[in-house]
Amino acid sequence: MVQRGHKVYEGKAKIIYTTDNPDLLIQYFKDDATAFNAAKKGTIVDKGIMNNQISSKIFEFLSAQGIPTHFERRLNDRDMLVKKVEIVPIEMVVRNKAAGSLCRLLGLKEGMALLSPVLEFCYKCDSLGDPLINEYHIRALHLATDQEIETMKGFTFKINDLLKEFFAKLKLELVDFKLEFGRYKDKIILADEISPDTCRLWEIGTGKKLDKDRFRHDLGEIEEAYREVLSRVSR
Ligand code: ADP
Ligand code: UDP
């Protein structure tokens, strides 16, 4: 049995605790929701419980497909045991269709097909609003080595292929998503979470949004959307 230690970090959606094993941390999933660089704040009832389960299922799937992840096991409703990594301060965003900030950036219509997936890098910095950067910024600021960038890019496109198919089987379209990677014993592994907080998922057939856009844009039935995703990934 792993013992919870002290709180090391409280973020917008999760709290991180040490454990009695120096290589492991506990991620506690909260119900707090934020959007637009935390300008909008709220609570989604039981979101933490649902995202812990959804993320766990997805990490299990990706691990089985050969992607190294920080996931050890789900401990209870809200706690996930993970390997302690040094987070690479880059958010890797993949887009299969235009939505969100890409529409604002390039004046595109939401839902416009993209001829090939778009990969964006954002600098993980709350006070700057996670600005869009490119590989030259990463190199110039030494946010990651060239080899780390190549490894993260390789994993990210592989994960996109795997998750597009995983969700399609559940009649969900993976529109876009965000990944974070970390350094663990000199290797790059997938960290953080994959959930309706970090993915856009549209129901195939109806186009219904089953993700955090329901909170961002006050579309209603927010808890129901997360519950629907959980029920599908639990099949
Ligand atoms: P934010 O920091 O954006 O408010 P969260 O509320 O999700 O985000 O907080 C979780 C924090 O823990 C994030 O900063 C994330 O990068 C970090 N994190 C995720 N997985 C790990 C891990 N395995 N080891 C160390 N830190 C992690
Ligand atoms: N995303 C995320 N965390 C962030 C920024 C984006 O999980 O800090 C996810 C978001 O849920 C979406 C994708 O990355 O699935 C692309 O988000 P976008 O850049 O469109 O930002 P938004 O307009 O949603 O703020």
# chains A, B, ... in the order shown; residues from 1 in each chain; ligands from 1
call {"tool": "residues_around", "arguments": {"residues": "range 220-226 of chain A", "least_positions_apart": "6", "cutoff": "12 Å", "atoms": "only C-alpha atoms", "output": "ChimeraX atom specification"}}
result
/A:31,33,42-55,172,195-203,208-214,232-233
call {"tool": "closest_atom_pairs", "arguments": {"of": "chain A", "to": "ligand 2", "cutoff": "9 Å", "atoms": "only C-alpha atoms and all ligand atoms", "output": "tab-separated table"}}
result
residue	atom	partner	partner_atom_place_in_ligand_line	distance
A:Ala35	CA	ligand 2	25 (O)	6.5
A:Phe36	CA	ligand 2	25 (O)	5.3
A:Asn37	CA	ligand 2	25 (O)	7.2
A:Glu91	CA	ligand 2	4 (C)	7.3
A:Met92	CA	ligand 2	14 (O)	8.1
A:Val93	CA	ligand 2	14 (O)	5.4
A:Val94	CA	ligand 2	13 (C)	7.1
A:Arg95	CA	ligand 2	16 (C)	7.2
A:Ala98	CA	ligand 2	20 (O)	8.3
A:Ala99	CA	ligand 2	20 (O)	5.7
A:Gly100	CA	ligand 2	20 (O)	3.4
A:Ser101	CA	ligand 2	20 (O)	3.9
A:Leu102	CA	ligand 2	20 (O)	5.8
A:Cys103	CA	ligand 2	20 (O)	7.8
A:Arg104	CA	ligand 2	23 (O)	8.0
A:Glu120	CA	ligand 2	19 (O)	8.5
A:Cys122	CA	ligand 2	5 (C)	8.1
A:Lys124	CA	ligand 2	8 (O)	7.8
A:Asp126	CA	ligand 2	8 (O)	8.5
A:Gly129	CA	ligand 2	8 (O)	8.1
A:Asp130	CA	ligand 2	8 (O)	6.6
A:Leu132	CA	ligand 2	19 (O)	8.7
A:Leu174	CA	ligand 2	15 (O)	8.8
A:Val175	CA	ligand 2	15 (O)	7.3
A:Asp176	CA	ligand 2	15 (O)	4.7
A:Phe177	CA	ligand 2	15 (O)	3.8
A:Lys178	CA	ligand 2	14 (O)	4.2
A:Leu179	CA	ligand 2	7 (O)	7.4
A:Glu193	CA	ligand 2	7 (O)	8.8
A:Ile194	CA	ligand 2	7 (O)	8.2
A:Ser195	CA	ligand 2	7 (O)	8.4
A:Pro196	CA	ligand 2	11 (O)	7.1
A:Asp197	CA	ligand 2	11 (O)	5.4
A:Thr198	CA	ligand 2	7 (O)	3.2
A:Cys199	CA	ligand 2	15 (O)	3.6
A:Arg200	CA	ligand 2	15 (O)	4.4
A:Leu201	CA	ligand 2	15 (O)	8.0
A:Asp211	CA	ligand 2	11 (O)	7.8
A:Lys212	CA	ligand 2	11 (O)	6.6
A:Asp213	CA	ligand 2	24 (O)	7.2
A:Arg216	CA	ligand 2	24 (O)	7.9
call {"tool": "select_by_dssp", "arguments": {"residues": "range 4-234 of chain A", "states": "helix (DSSP H, G or I)", "output": "JSON, numbers by chain"}}
result
{"A": [47, 48, 49, 50, 51, 52, 53, 54, 55, 56, 57, 58, 59, 60, 61, 62, 63, 64, 100, 101, 102, 103, 104, 105, 106, 126, 127, 128, 135, 136, 137, 138, 139, 140, 146, 147, 148, 149, 150, 151, 152, 153, 154, 155, 156, 157, 158, 159, 160, 161, 162, 163, 164, 165, 166, 167, 168, 213, 214, 215, 216, 222, 223, 224, 225, 226, 227, 228, 229, 230, 231, 232, 233]}
call {"tool": "closest_residue", "arguments": {"among": "A:Ser127, A:Gln3, A:Gln65, A:Asn76", "to": "ligand 1", "atoms": "only C-alpha atoms and all ligand atoms"}}
result
A:Ser127
call {"tool": "atom_distance", "arguments": {"atom1": "atom 19 (C, counted along the ligand's line) of ligand 1", "atom2": "CA of Lys187 in chain A"}}
result
15.5 Å
call {"tool": "closest_atom_pairs", "arguments": {"of": "chain A", "to": "ligand 1", "cutoff": "6 Å", "atoms": "only C-alpha atoms and all ligand atoms", "output": "JSON lines"}}
result
{"residue": "A:Gly11", "atom": "CA", "partner": "ligand 1", "partner_atom_place_in_ligand_line": "6 (O)", "distance": 3.1}
{"residue": "A:Lys12", "atom": "CA", "partner": "ligand 1", "partner_atom_place_in_ligand_line": "4 (O)", "distance": 3.6}
{"residue": "A:Ala13", "atom": "CA", "partner": "ligand 1", "partner_atom_place_in_ligand_line": "6 (O)", "distance": 3.5}
{"residue": "A:Lys14", "atom": "CA", "partner": "ligand 1", "partner_atom_place_in_ligand_line": "6 (O)", "distance": 3.8}
{"residue": "A:His70", "atom": "CA", "partner": "ligand 1", "partner_atom_place_in_ligand_line": "23 (N)", "distance": 5.4}
{"residue": "A:Val82", "atom": "CA", "partner": "ligand 1", "partner_atom_place_in_ligand_line": "23 (N)", "distance": 5.3}
{"residue": "A:Lys83", "atom": "CA", "partner": "ligand 1", "partner_atom_place_in_ligand_line": "23 (N)", "distance": 5.0}
{"residue": "A:Lys84", "atom": "CA", "partner": "ligand 1", "partner_atom_place_in_ligand_line": "24 (N)", "distance": 3.9}
{"residue": "A:Val85", "atom": "CA", "partner": "ligand 1", "partner_atom_place_in_ligand_line": "24 (N)", "distance": 4.0}
{"residue": "A:Glu86", "atom": "CA", "partner": "ligand 1", "partner_atom_place_in_ligand_line": "25 (C)", "distance": 5.7}
{"residue": "A:Ile87", "atom": "CA", "partner": "ligand 1", "partner_atom_place_in_ligand_line": "16 (O)", "distance": 5.6}
{"residue": "A:Ala191", "atom": "CA", "partner": "ligand 1", "partner_atom_place_in_ligand_line": "20 (N)", "distance": 4.5}
{"residue": "A:Asp192", "atom": "CA", "partner": "ligand 1", "partner_atom_place_in_ligand_line": "19 (C)", "distance": 3.5}
call {"tool": "write_last_selection", "arguments": {"atoms": "N, CA and C atoms", "output": "PDB file, in the first residue's frame"}}
result
ATOM      1  N   GLY A  11      -2.747  22.633  -8.930  1.00  0.00           N
ATOM      2  CA  GLY A  11      -3.008  23.297 -10.207  1.00  0.00           C
ATOM      3  C   GLY A  11      -4.479  23.585 -10.362  1.00  0.00           C
ATOM      4  N   LYS A  12      -4.867  23.857 -11.613  1.00  0.00           N
ATOM      5  CA  LYS A  12      -6.256  24.238 -11.871  1.00  0.00           C
ATOM      6  C   LYS A  12      -7.191  23.033 -11.788  1.00  0.00           C
ATOM      7  N   ALA A  13      -6.702  21.862 -12.160  1.00  0.00           N
ATOM      8  CA  ALA A  13      -7.574  20.684 -12.214  1.00  0.00           C
ATOM      9  C   ALA A  13      -7.128  19.545 -11.306  1.00  0.00           C
ATOM     10  N   LYS A  14      -5.878  19.593 -10.835  1.00  0.00           N
ATOM     11  CA  LYS A  14      -5.363  18.471 -10.042  1.00  0.00           C
ATOM     12  C   LYS A  14      -4.470  18.965  -8.911  1.00  0.00           C
ATOM     13  N   HIS A  70       3.314   7.658 -17.620  1.00  0.00           N
ATOM     14  CA  HIS A  70       3.571   7.782 -16.184  1.00  0.00           C
ATOM     15  C   HIS A  70       2.575   6.961 -15.356  1.00  0.00           C
ATOM     16  N   VAL A  82       1.210   7.800 -10.156  1.00  0.00           N
ATOM     17  CA  VAL A  82       1.994   8.018 -11.391  1.00  0.00           C
ATOM     18  C   VAL A  82       3.485   8.087 -11.071  1.00  0.00           C
ATOM     19  N   LYS A  83       4.281   7.867 -12.098  1.00  0.00           N
ATOM     20  CA  LYS A  83       5.730   8.064 -11.954  1.00  0.00           C
ATOM     21  C   LYS A  83       5.997   9.558 -11.872  1.00  0.00           C
ATOM     22  N   LYS A  84       6.926   9.923 -11.007  1.00  0.00           N
ATOM     23  CA  LYS A  84       7.285  11.339 -10.879  1.00  0.00           C
ATOM     24  C   LYS A  84       8.201  11.725 -12.040  1.00  0.00           C
ATOM     25  N   VAL A  85       7.766  12.686 -12.829  1.00  0.00           N
ATOM     26  CA  VAL A  85       8.605  13.128 -13.946  1.00  0.00           C
ATOM     27  C   VAL A  85       8.965  14.596 -13.776  1.00  0.00           C
ATOM     28  N   GLU A  86       9.955  15.003 -14.557  1.00  0.00           N
ATOM     29  CA  GLU A  86      10.223  16.445 -14.709  1.00  0.00           C
ATOM     30  C   GLU A  86       9.472  16.855 -15.974  1.00  0.00           C
ATOM     31  N   ILE A  87       8.412  17.621 -15.785  1.00  0.00           N
ATOM     32  CA  ILE A  87       7.560  17.970 -16.933  1.00  0.00           C
ATOM     33  C   ILE A  87       8.334  18.838 -17.934  1.00  0.00           C
ATOM     34  N   ALA A 191       2.770  12.073 -19.725  1.00  0.00           N
ATOM     35  CA  ALA A 191       2.348  12.379 -18.350  1.00  0.00           C
ATOM     36  C   ALA A 191       0.981  13.072 -18.350  1.00  0.00           C
ATOM     37  N   ASP A 192       0.656  13.688 -17.242  1.00  0.00           N
ATOM     38  CA  ASP A 192      -0.564  14.475 -17.038  1.00  0.00           C
ATOM     39  C   ASP A 192      -1.826  13.629 -17.236  1.00  0.00           C
TER      40      ASP A 192
END
call {"tool": "atom_distance", "arguments": {"atom1": "CA of Ile90 in chain A", "atom2": "CA of Tyr123 in chain A"}}
result
4.9 Å
call {"tool": "closest_residue", "arguments": {"among": "A:Ala113, A:Ile67, A:Leu119, A:Val8", "to": "Gln27 in chain A", "atoms": "only C-alpha atoms"}}
result
A:Val8
call {"tool": "closest_residue", "arguments": {"among": "A:Lys153, A:Arg235, A:Arg74, A:His142", "to": "Leu170 in chain A", "atoms": "only C-alpha atoms"}}
result
A:Arg235
call {"tool": "atom_distance", "arguments": {"atom1": "CA of Leu190 in chain A", "atom2": "CA of Thr151 in chain A"}}
result
10.8 Å
call {"tool": "select_by_dssp", "arguments": {"residues": "range 75-190 of chain A", "states": "strand (DSSP E or B)", "output": "mmCIF file with N, CA, C and O atoms, in the first residue's frame"}}
result
data_model
loop_
_atom_site.group_PDB
_atom_site.id
_atom_site.type_symbol
_atom_site.label_atom_id
_atom_site.label_comp_id
_atom_site.auth_asym_id
_atom_site.auth_seq_id
_atom_site.Cartn_x
_atom_site.Cartn_y
_atom_site.Cartn_z
ATOM 1 N N ASP A 79 -7.776 9.528 -6.938
ATOM 2 C CA ASP A 79 -6.309 9.450 -6.897
ATOM 3 C C ASP A 79 -5.768 8.515 -7.968
ATOM 4 O O ASP A 79 -6.224 7.373 -8.094
ATOM 5 N N MET A 80 -4.762 8.993 -8.685
ATOM 6 C CA MET A 80 -4.038 8.167 -9.653
ATOM 7 C C MET A 80 -2.569 8.139 -9.231
ATOM 8 O O MET A 80 -1.975 9.190 -8.985
ATOM 9 N N LEU A 81 -1.994 6.943 -9.167
ATOM 10 C CA LEU A 81 -0.569 6.800 -8.846
ATOM 11 C C LEU A 81 0.223 6.891 -10.148
ATOM 12 O O LEU A 81 -0.088 6.171 -11.114
ATOM 13 N N VAL A 82 1.210 7.800 -10.156
ATOM 14 C CA VAL A 82 1.994 8.018 -11.391
ATOM 15 C C VAL A 82 3.485 8.087 -11.071
ATOM 16 O O VAL A 82 3.870 8.345 -9.928
ATOM 17 N N LYS A 83 4.281 7.867 -12.098
ATOM 18 C CA LYS A 83 5.730 8.064 -11.954
ATOM 19 C C LYS A 83 5.997 9.558 -11.872
ATOM 20 O O LYS A 83 5.390 10.348 -12.606
ATOM 21 N N GLU A 86 9.955 15.003 -14.557
ATOM 22 C CA GLU A 86 10.223 16.445 -14.709
ATOM 23 C C GLU A 86 9.472 16.855 -15.974
ATOM 24 O O GLU A 86 9.809 16.415 -17.080
ATOM 25 N N ILE A 87 8.412 17.621 -15.785
ATOM 26 C CA ILE A 87 7.560 17.970 -16.933
ATOM 27 C C ILE A 87 8.334 18.838 -17.934
ATOM 28 O O ILE A 87 8.985 19.807 -17.540
ATOM 29 N N ILE A 90 6.259 22.152 -22.377
ATOM 30 C CA ILE A 90 5.682 22.353 -23.713
ATOM 31 C C ILE A 90 4.393 21.556 -23.797
ATOM 32 O O ILE A 90 4.391 20.358 -23.497
ATOM 33 N N GLU A 91 3.294 22.214 -24.172
ATOM 34 C CA GLU A 91 2.051 21.479 -24.419
ATOM 35 C C GLU A 91 2.025 21.110 -25.893
ATOM 36 O O GLU A 91 2.199 21.985 -26.761
ATOM 37 N N MET A 92 1.852 19.842 -26.165
ATOM 38 C CA MET A 92 1.806 19.361 -27.551
ATOM 39 C C MET A 92 0.329 19.271 -27.930
ATOM 40 O O MET A 92 -0.402 18.443 -27.378
ATOM 41 N N VAL A 93 -0.114 20.133 -28.835
ATOM 42 C CA VAL A 93 -1.527 20.149 -29.248
ATOM 43 C C VAL A 93 -1.625 19.573 -30.663
ATOM 44 O O VAL A 93 -0.873 19.986 -31.553
ATOM 45 N N VAL A 94 -2.503 18.594 -30.836
ATOM 46 C CA VAL A 94 -2.729 18.002 -32.160
ATOM 47 C C VAL A 94 -4.151 18.315 -32.595
ATOM 48 O O VAL A 94 -5.082 18.228 -31.793
ATOM 49 N N ARG A 95 -4.288 18.658 -33.868
ATOM 50 C CA ARG A 95 -5.618 18.984 -34.394
ATOM 51 C C ARG A 95 -5.897 18.166 -35.651
ATOM 52 O O ARG A 95 -5.074 18.156 -36.573
ATOM 53 N N ASN A 96 -7.068 17.535 -35.647
ATOM 54 C CA ASN A 96 -7.523 16.807 -36.831
ATOM 55 C C ASN A 96 -8.573 17.591 -37.603
ATOM 56 O O ASN A 96 -8.785 17.358 -38.786
ATOM 57 N N LYS A 97 -9.257 18.499 -36.911
ATOM 58 C CA LYS A 97 -10.222 19.418 -37.532
ATOM 59 C C LYS A 97 -10.042 20.778 -36.867
ATOM 60 O O LYS A 97 -9.583 20.849 -35.721
ATOM 61 N N ALA A 113 -12.300 20.588 -42.230
ATOM 62 C CA ALA A 113 -11.360 19.463 -42.302
ATOM 63 C C ALA A 113 -9.951 19.991 -42.535
ATOM 64 O O ALA A 113 -9.764 21.003 -43.218
ATOM 65 N N LEU A 114 -8.969 19.336 -41.955
ATOM 66 C CA LEU A 114 -7.566 19.677 -42.200
ATOM 67 C C LEU A 114 -6.991 18.545 -43.046
ATOM 68 O O LEU A 114 -7.274 17.372 -42.771
ATOM 69 N N LEU A 115 -6.204 18.885 -44.054
ATOM 70 C CA LEU A 115 -5.725 17.846 -44.986
ATOM 71 C C LEU A 115 -4.758 16.887 -44.299
ATOM 72 O O LEU A 115 -4.620 15.738 -44.699
ATOM 73 N N SER A 116 -4.077 17.382 -43.269
ATOM 74 C CA SER A 116 -3.219 16.502 -42.465
ATOM 75 C C SER A 116 -3.249 17.053 -41.041
ATOM 76 O O SER A 116 -3.584 18.229 -40.839
ATOM 77 N N PRO A 117 -2.924 16.207 -40.052
ATOM 78 C CA PRO A 117 -2.987 16.700 -38.670
ATOM 79 C C PRO A 117 -2.025 17.865 -38.462
ATOM 80 O O PRO A 117 -0.943 17.898 -39.047
ATOM 81 N N VAL A 118 -2.447 18.819 -37.647
ATOM 82 C CA VAL A 118 -1.604 19.976 -37.306
ATOM 83 C C VAL A 118 -1.052 19.764 -35.904
ATOM 84 O O VAL A 118 -1.802 19.443 -34.983
ATOM 85 N N LEU A 119 0.266 19.934 -35.763
ATOM 86 C CA LEU A 119 0.887 19.869 -34.436
ATOM 87 C C LEU A 119 1.299 21.276 -34.034
ATOM 88 O O LEU A 119 1.943 21.983 -34.803
ATOM 89 N N GLU A 120 0.898 21.676 -32.816
ATOM 90 C CA GLU A 120 1.313 22.976 -32.285
ATOM 91 C C GLU A 120 2.059 22.750 -30.982
ATOM 92 O O GLU A 120 1.742 21.819 -30.233
ATOM 93 N N PHE A 121 3.010 23.632 -30.701
ATOM 94 C CA PHE A 121 3.697 23.637 -29.408
ATOM 95 C C PHE A 121 3.242 24.881 -28.658
ATOM 96 O O PHE A 121 3.220 25.975 -29.246
ATOM 97 N N CYS A 122 2.889 24.730 -27.382
ATOM 98 C CA CYS A 122 2.612 25.899 -26.553
ATOM 99 C C CYS A 122 3.548 25.860 -25.363
ATOM 100 O O CYS A 122 3.782 24.794 -24.779
ATOM 101 N N TYR A 123 4.073 27.040 -25.028
ATOM 102 C CA TYR A 123 4.967 27.152 -23.875
ATOM 103 C C TYR A 123 4.103 27.120 -22.622
ATOM 104 O O TYR A 123 3.187 27.933 -22.476
ATOM 105 N N LEU A 132 1.700 30.188 -28.135
ATOM 106 C CA LEU A 132 2.122 29.324 -29.237
ATOM 107 C C LEU A 132 3.594 29.600 -29.529
ATOM 108 O O LEU A 132 3.990 30.755 -29.648
ATOM 109 N N ILE A 133 4.391 28.540 -29.626
ATOM 110 C CA ILE A 133 5.816 28.708 -29.971
ATOM 111 C C ILE A 133 6.164 27.704 -31.065
ATOM 112 O O ILE A 133 5.334 26.863 -31.414
ATOM 113 N N LEU A 172 -16.976 8.358 -31.416
ATOM 114 C CA LEU A 172 -16.544 9.706 -31.027
ATOM 115 C C LEU A 172 -15.433 10.146 -31.973
ATOM 116 O O LEU A 172 -14.530 9.359 -32.279
ATOM 117 N N GLU A 173 -15.518 11.395 -32.424
ATOM 118 C CA GLU A 173 -14.466 11.931 -33.291
ATOM 119 C C GLU A 173 -13.481 12.733 -32.449
ATOM 120 O O GLU A 173 -13.889 13.636 -31.706
ATOM 121 N N LEU A 174 -12.192 12.407 -32.596
ATOM 122 C CA LEU A 174 -11.155 13.135 -31.871
ATOM 123 C C LEU A 174 -10.779 14.362 -32.708
ATOM 124 O O LEU A 174 -10.044 14.257 -33.688
ATOM 125 N N VAL A 175 -11.296 15.509 -32.307
ATOM 126 C CA VAL A 175 -11.102 16.751 -33.069
ATOM 127 C C VAL A 175 -9.722 17.345 -32.793
ATOM 128 O O VAL A 175 -8.969 17.676 -33.702
ATOM 129 N N ASP A 176 -9.387 17.468 -31.501
ATOM 130 C CA ASP A 176 -8.050 17.942 -31.115
ATOM 131 C C ASP A 176 -7.784 17.532 -29.666
ATOM 132 O O ASP A 176 -8.692 17.078 -28.968
ATOM 133 N N PHE A 177 -6.536 17.659 -29.248
ATOM 134 C CA PHE A 177 -6.192 17.298 -27.867
ATOM 135 C C PHE A 177 -4.822 17.857 -27.514
ATOM 136 O O PHE A 177 -4.078 18.301 -28.391
ATOM 137 N N LYS A 178 -4.524 17.801 -26.223
ATOM 138 C CA LYS A 178 -3.254 18.327 -25.695
ATOM 139 C C LYS A 178 -2.540 17.240 -24.894
ATOM 140 O O LYS A 178 -3.182 16.508 -24.116
ATOM 141 N N LEU A 179 -1.251 17.104 -25.114
ATOM 142 C CA LEU A 179 -0.454 16.130 -24.354
ATOM 143 C C LEU A 179 0.672 16.857 -23.620
ATOM 144 O O LEU A 179 1.153 17.891 -24.086
ATOM 145 N N GLU A 180 1.080 16.269 -22.489
ATOM 146 C CA GLU A 180 2.298 16.730 -21.804
ATOM 147 C C GLU A 180 3.213 15.527 -21.605
ATOM 148 O O GLU A 180 2.734 14.434 -21.279
ATOM 149 N N PHE A 181 4.488 15.762 -21.791
ATOM 150 C CA PHE A 181 5.482 14.707 -21.584
ATOM 151 C C PHE A 181 6.420 15.112 -20.458
ATOM 152 O O PHE A 181 6.523 16.289 -20.107
ATOM 153 N N GLY A 182 7.112 14.098 -19.898
ATOM 154 C CA GLY A 182 8.067 14.383 -18.834
ATOM 155 C C GLY A 182 9.294 13.499 -18.954
ATOM 156 O O GLY A 182 9.300 12.510 -19.696
ATOM 157 N N ARG A 183 10.339 13.913 -18.235
ATOM 158 C CA ARG A 183 11.590 13.147 -18.213
ATOM 159 C C ARG A 183 11.576 12.234 -16.989
ATOM 160 O O ARG A 183 11.348 12.706 -15.871
ATOM 161 N N TYR A 184 11.802 10.957 -17.245
ATOM 162 C CA TYR A 184 11.836 9.971 -16.157
ATOM 163 C C TYR A 184 13.031 9.060 -16.407
ATOM 164 O O TYR A 184 13.083 8.365 -17.423
ATOM 165 N N LYS A 187 14.460 9.128 -19.818
ATOM 166 C CA LYS A 187 13.560 8.775 -20.937
ATOM 167 C C LYS A 187 12.386 9.762 -20.957
ATOM 168 O O LYS A 187 12.015 10.322 -19.916
ATOM 169 N N ILE A 188 11.809 9.923 -22.143
ATOM 170 C CA ILE A 188 10.609 10.756 -22.275
ATOM 171 C C ILE A 188 9.391 9.847 -22.166
ATOM 172 O O ILE A 188 9.292 8.844 -22.889
ATOM 173 N N ILE A 189 8.470 10.196 -21.253
ATOM 174 C CA ILE A 189 7.237 9.412 -21.129
ATOM 175 C C ILE A 189 6.035 10.368 -21.114
ATOM 176 O O ILE A 189 6.162 11.540 -20.754
ATOM 177 N N LEU A 190 4.884 9.827 -21.491
ATOM 178 C CA LEU A 190 3.643 10.618 -21.499
ATOM 179 C C LEU A 190 3.183 10.838 -20.058
ATOM 180 O O LEU A 190 3.187 9.894 -19.254
#
